[in-house]
Amino acid sequence: MQKPTFSAHGVTKVYHAGEIEVFALRGVDLELYEGEIAVLLGPSGSGKSTLLNIMGGLDRATAGEVHFRDQDLTTFSERQFTRFRRDHVGFVFQFYNLIPSLTAWENVALVTEISSNPMKPEEALEMVGLKDRITHFPAQLSGGEQQRVAIARAIAKRPEVMLCDEPTGALDSKTGVLVLEALSRINEEMKTTMAIITHNAGIRQIAHRVFTFKDGRIADVAVNDQRARPAEVSW
Amino acid sequence: MSVLDRKLLRDLLRMWAQVLAIALVMACGVATIIIAVGGYRSLEQTRTAFYDRYRFATVFSGLTRAPLQLRERMASIAGISGIELRIVEPVLLDMPGMAEPATAIAVSIPDRSEPAVNRLYLRIGRLPESGRPGEVAVTERFATAHRMAPGSTFDAVLNGRKRTLTVTGIALTPEYIYALGPGDMVPDPRRFGVFFMPRTVLAGIFDMDGAFNDVAMRTQRSADIKAIEDAVDRILRPYGGTGTHGRTDQVSHAFLDNELIQLRAMATVIPPVFLFVSAFLVNMILSRLIVLEREQIGLMKAVGYGSGAIGWHYAKLTLVIALIGIAVGAGAGNWLGRGLTTLYARFFSFPFLIFQQSLDLYAIAAAISALAALLGAARAIWSVVTLPPAVAMQPPAPARYRSFLTGDRRLLSAFSQLTIMAFRHLLRWPLRSLLTALGTSLAVALLVTALFSFDSIAFMVDTVFFRAERQDATLSFGVEQSPRALQSVAAIRGVLRAEAFRATAVVLRHGHRERRLVISSVPQKADLARVLDLDLAPIDPPPAGLMLSERVASLLDLRIGDLAEVEQLEKAHKMVRVPVTSIVQSYVGLAVYMRTEALDRLVGGGPRVSGVRVAVDPARLGDLYGAIKQTPAIASIALQGISRQRFRETIGENITIMTSVYTALAVIIAFGVVYNSARIQLSERARELAGLRVLGFTRSEVSSVLLIELATIVALAQPLGWTLGYLFSWSVVRGFESDLFRIPFVVNRSTFALASLVVLAVATLSALVVRRRIDRLDLVRVLKTRD
């Protein structure tokens with residue numbers, strides 16, 4: 001059987017907000033495989049983002065184990081986390097998080113400069129359909145275009161994993177489809193493992209598996225036998 | 001407390017470090033106003049009070065000898081309100097416990113009445129009585145230096161005879177507030193004093209019965225001083241009058257004037273620097289705060305707070321910062337002002353000198369500082385007042401960046417994307433970047449201005465004492481001697497080399513310009529007192545003609561080849577035209593030289609010498625001192641060796657004090673500017689930087705974005721600071737220029753380097769403090785929020 005890219009066992013995360021303990025995750029088990037698109041659904045505060053942050057090396061689990069391939073993320077130092085994010089993970093966020101003082105091309109080059117085997121920035125931008133916008137600054141791009149630059153920036157280093165937190169959250173349906181198409185195309189061409197958080201139930205149709213979160217636990221896992229093309233999705 | 005005030009308090013506590021940095025810059029402004037203006041007022045008012053109460057003369061005149069009967073003629077000159085005809089003589093002293101001879105000036109006082117001008121303030125004891133010869137009153141600093149009290153005795157050589165004098169009282173005079181001995185550049189109360197004896201006693205000693213050789217006059221407020229000077233000159237001319245001058249040429253007065261000029265310069269240059277920087281800093285942090293609180297402002301307006309109330313809220317924030325600065329500055333100013341007064345008490349002798357503490361000074365300093373802060377805040381506050389609530393609730397329009405190097409990717413590929421980020425941010429707010437650089441450069445400039453005096457004074461000491469006046473001592477005779485005196489001095493044990501000189505008082509004229517000065521003779525192939533050309537190379541005096549110092553040449557508008565009219569003051573006012581043959585360098589007095597033979601020819605009556613310069617075997621100094629004390633003809637002695645040492649010590653101490661103060665000021669400016677600028681950048685870019693960390697950039701890489709920007713600003717500030725510092729220093733040197741002395745303008749490269757090093761160190765420290773904050777960025781929270 002194929003070895004999972006990610007495996008999480010009994011992951012618990014407790015935040016201390018003043019004197020109150022908030023359980024963001026209460027013992028989550030999950031495995032993600034190469035080339036798989038996993039969609040994480042669930043209401044606000046159900047723990048999706050916390051899990052994504054822990055998998056991406058942005059946050060640390062209070063208890064439990066998280067493995068990326070053979071490496072145990074729970075034992076990582078701050079320096080190792082940085083290295084891990086730099087080499088293996090691509091992030092896409094709801095609010096794009098582009099550097100406003102860099103052009104589209106430069107935003108992508110920002111990452112390719114520090115990667116070991118990157119594609120050319122223009123190549124990455126071409127994959128998201130923005131080849132003719134490379135000299136534009138973020139302020140000169142629409143929301144959808146900005147998000148696609150963010151995706152180009154995430155894929156340019158050829159990451160094994162892409163973690164997307166509400167990538168279409170700030171976009172209208174038509175633009176959102178373009179973003180999903182970009183993600184889906186990358187998944188197919190590069191066999192990148194993807195975890196996508198969304199509030200948008202429509203997006204579940206492009207996933208291989210759908211994890212539903214509730215109160216810090218995974219309440220349901222559904223396998224999608226009939227995956228839809230992004231163009232067929234609407235919301 | 002209203003809710004808005006609570007918000008204000010919490011905002012201030014949250015930004016305490018930035019608030020403190022700005023308040024400190026402001027405090028420097030307040031403190032320097034208080035020190036400079038307070039110091040100026042203290043010195044000026046004390047001087048004026050002392051002058052008025054003790055009737056300090058306004059017109060002074062010297063002569064060889066004239067009968068007291070002239071009094072009526074002189075008193076009848078229009079505008080004269082008081083006149084004192086005195087005997088003033090140089091005296092050599094043999095002080096107990098001192099190998100080297102000290103010098104003093106003996107001044108006559110009326111036998112029974114108080115002097116009409118230049119009255120004495122008697123600290124303790126009584127004035128000497130004419131019936132008891134050998135009694136003297138001495139100046140306070142001289143008495144203190146020798147631990148004298150009424151009843152103390154010391155030996156003095158008066159008109160060639162050694163006498164023992166008894167101190168009856170210790171006095172101060174407005175004439176010698178700054179008492180400078182012969183050949184000295186700073187006061188040395190151990191080696192120089194003034195003492196007062198009754199007129200009849202002094203006249204008896206110096207064979208001046210019924211005669212005088214010095215006049216001090218007070219004039220009416222509206223008097224025409226120039227006319228009085230001319231009238232006095234006319235009367236005294238037949239009696240060897242050496243010229244009449246006003247207070248500006250009176251040494252003590254001139255030195256005090258110099259100090260006042262310096263304080264005024266300090267008051268007009270330094271506080272504005274701090275006020276400008278603090279206004280800029282207030283503007284910077286307030287603008288940022290308002291951007292961050294944009295939605296809160298919108299909300300407050302939406303719920304019904306008026307624009308005025310919200311504007312006032314931010315104005316109060318500014319005022320609280322100003323208040324902290326004012327409180328700290330007032331305390332520091334008071335403390336340092338007292339320190340300055342203590343320092344003055346070491347150089348100037350006043351009966352009393354207190355640091356003037358007037359409420360209005362503090363009020364003015366506080367008002368100016370608060371006003372500067374509010375001016376800095378004005379634009380930011382205006383933007384709050386005019387912001388429509390609906391717009392405020394929307395996020396601000398995204399920042400627009402521009403490409404540089406025409407956006408050419410090949411050109412830009414020389415830089416990493418992180419560097420490009422730093423540069424674009426810098427160019428995004430060009431005015432702010434420039435002002436930040438300017439603020440930092442002011443720190444560099446202040447340091448250059450404080451440090452350059454080391455260079456200039458070291459250069460001056462080297463020039464004056466090691467290139468020009470290389471003698472260890474200068475002996476001056478009471479009356480001119482025959483050239484044989486040179487041989488007698490050369491024969492004293494321990495004297496390695498002796499050079500005679502002649503000094504003749506003249507009026508030098510060119511067209512309508514004239515100056516009263518002394519022509520000194522220089523022997524051919526002089527080795528001790530050498531004349532230096534403008535490049536400071538020793539030159540041999542030409543067989544004829546005048547060698548003018550640059551200052552004299554410019555005052556009289558004389559150039560090489562011009563003919564100057566020389567009127568001799570002591571010898572029947574003979575007038576001769578003499579060509580100018582060279583322009584030479586000199587930092588002290590109004591120097592004019594001629595070759596010995598040429599001056600002798602000019603004066604006529606055969607060669608004479610006024611004094612001898614000697615180089616002495618240091619091991620045999622005692623022999624020289626002993627011989628001098630036994631030689632009646634020697635009226636005074638200048639010990640260049642000791643002067644040099646004393647000058648270095650005193651100036652060294654002053655410079656150390658000044659440099660520490662200026663360094664502290666520069667550090668506060670540099671820290672205030674760089675730290676605040678870094679904090680603002682961090683606040684503006686926290687999200688970007690956190691984003692970079694998420695993308696896998698290390699902490700040092702992320703910090704480098706901020707550091708490159710700071711480094712660029714600080715680097716830009718260096719040449720700007722050097723230029724400003726150079727200009728400031730130049731204006732300081734120009735401010736000092738007087739007939740008494742000039743400071744050469746020398747700024748060594750090491751001074752620029754040191755100034756930059758201090759500022760770079762402070763900038764690095766500020767950057768490190770901010771870097772720690774980058775390390776603590778909360779990655780998750782930053783990314784979850786909209787910018």
# chains A, B, ... in the order shown; residues from 1 in each chain; ligands from 1
>>> closest_atom_pairs(of="chain A", to="chain B", cutoff="6 Å", atoms="only C-alpha atoms", output="tab-separated table")
residue	atom	partner	partner_atom	distance
A:Thr82	CA	B:Gly696	CA	5.0
A:Arg85	CA	B:Gly696	CA	4.7
A:Arg86	CA	B:Gly696	CA	3.8
A:Ile99	CA	B:Glu688	CA	5.9
A:Ser101	CA	B:Tyr401	CA	5.6
A:Leu110	CA	B:Gln417	CA	5.3
>>> select_by_dssp(residues="segment 480-646 of chain B", states="strand (DSSP E or B)", output="ChimeraX atom specification")
/B:480-481,495-501,503-510,513-522,529,531-533,538-539,546-549,563-568,575-585,588,591-595,609-616,634-638
>>> atom_distance(atom1="atom CA of Ala31 of chain B", atom2="atom CA of Gly329 of chain B")
4.5 Å
>>> select_by_dssp(residues="segment 105-143 of chain A", states="alpha helix (DSSP H)", output="JSON, numbers by chain")
{"A": [105, 106, 107, 108, 109, 110, 111, 112, 121, 122, 123, 124, 125, 126, 127, 143]}
>>> closest_residue(among="A:Glu145, A:Glu78, A:Glu36, A:Glu189", to="Leu163 of chain A", atoms="only C-alpha atoms")
A:Glu36
>>> residues_around(residues="Met185 of chain B", least_positions_apart="2", cutoff="8 Å", atoms="only C-alpha atoms", output="ChimeraX atom specification")
/B:180,183,187,643,647
>>> atom_distance(atom1="atom CA of Phe76 of chain A", atom2="atom CA of Tyr33 of chain A")
21.7 Å
>>> residues_around(residues="segment 319-328 of chain B", least_positions_apart="4", cutoff="7 Å", atoms="only C-alpha atoms", output="VMD selection string")
chain B and resid 19 23 to 24 26 to 27 30 315 332 366 369 to 370 373
>>> write_last_selection(atoms="N, CA and C atoms", output="short mmCIF file (atom, residue, chain, number, x, y, z; two decimals), in the first residue's frame")
data_model
loop_
_atom_site.label_atom_id
_atom_site.label_comp_id
_atom_site.auth_asym_id
_atom_site.auth_seq_id
_atom_site.Cartn_x
_atom_site.Cartn_y
_atom_site.Cartn_z
N VAL B 19 7.13 56.43 22.65
CA VAL B 19 6.78 57.68 23.33
C VAL B 19 8.00 58.22 24.07
N ALA B 23 9.93 61.67 23.52
CA ALA B 23 9.95 62.60 24.65
C ALA B 23 11.39 62.98 24.97
N LEU B 24 12.31 62.04 24.83
CA LEU B 24 13.71 62.35 25.14
C LEU B 24 14.30 63.34 24.14
N MET B 26 12.61 65.53 22.57
CA MET B 26 12.00 66.80 22.93
C MET B 26 12.67 67.37 24.17
N ALA B 27 12.97 66.49 25.12
CA ALA B 27 13.62 66.92 26.37
C ALA B 27 14.96 67.60 26.06
N VAL B 30 14.20 71.12 25.04
CA VAL B 30 13.84 71.94 26.21
C VAL B 30 15.09 72.24 27.03
N ALA B 315 -4.71 65.08 19.58
CA ALA B 315 -3.89 66.21 20.00
C ALA B 315 -3.41 66.00 21.43
N ALA B 332 16.56 68.21 33.43
CA ALA B 332 17.93 68.10 32.91
C ALA B 332 18.53 69.48 32.68
N ALA B 366 8.70 75.34 27.33
CA ALA B 366 7.59 74.38 27.29
C ALA B 366 6.65 74.71 26.13
N SER B 369 8.18 73.85 22.71
CA SER B 369 8.24 72.41 22.48
C SER B 369 6.86 71.83 22.18
N ALA B 370 5.86 72.27 22.98
CA ALA B 370 4.51 71.76 22.75
C ALA B 370 4.02 72.18 21.37
N ALA B 373 5.57 70.05 18.70
CA ALA B 373 4.94 68.73 18.67
C ALA B 373 3.58 68.81 17.97
#
>>> closest_residue(among="B:Ile34, B:Ala437, B:Leu289, B:Val3", to="Leu336 of chain B", atoms="only C-alpha atoms")
B:Ile34
>>> residues_around(residues="segment 153-156 of chain A", least_positions_apart="4", cutoff="10 Å", atoms="only C-alpha atoms", output="PyMOL selection string")
(chain A and resi 89-92+98+104-112+115+117-125+127-128+147-149+160-164+183+186-187+190+192) or (chain B and resi 695)
>>> closest_residue(among="A:Asp225, A:Asp172, A:Glu34, A:Asp165", to="His199 of chain A", atoms="only C-alpha atoms")
A:Asp165
>>> residues_around(residues="Ile170 of chain B", least_positions_apart="5", cutoff="10 Å", atoms="only C-alpha atoms", output="PyMOL selection string")
chain B and resi 120-127+136-144+148-150+195-196
>>> residues_around(residues="Ala63 of chain A", least_positions_apart="6", cutoff="8 Å", atoms="only C-alpha atoms", output="PyMOL selection string")
chain A and resi 10-13
>>> closest_atom_pairs(of="segment 147-205 of chain A", to="segment 226-229 of chain A", cutoff="12 Å", atoms="only C-alpha atoms", output="Markdown table")
| residue | atom | partner | partner_atom | distance |
| --- | --- | --- | --- | --- |
| A:Val177 | CA | A:Arg229 | CA | 9.7 |
| A:Leu178 | CA | A:Arg229 | CA | 11.4 |
| A:Leu180 | CA | A:Arg229 | CA | 9.1 |
| A:Glu181 | CA | A:Arg229 | CA | 7.9 |
| A:Ala182 | CA | A:Arg229 | CA | 11.4 |
| A:Leu183 | CA | A:Arg229 | CA | 11.3 |
| A:Ser184 | CA | A:Arg229 | CA | 8.3 |
| A:Arg185 | CA | A:Arg229 | CA | 10.1 |
| A:Glu188 | CA | A:Arg229 | CA | 11.7 |
| A:Gly202 | CA | A:Ala228 | CA | 9.9 |
| A:Ile203 | CA | A:Ala228 | CA | 9.1 |
| A:Arg204 | CA | A:Arg227 | CA | 8.7 |
| A:Gln205 | CA | A:Ala228 | CA | 5.4 |
>>> atom_distance(atom1="atom CA of Val66 of chain A", atom2="atom CA of Ile54 of chain A")
8.1 Å
>>> closest_residue(among="B:Arg577, B:Arg41, B:Arg119, B:Arg551", to="Glu259 of chain B", atoms="only C-alpha atoms")
B:Arg41
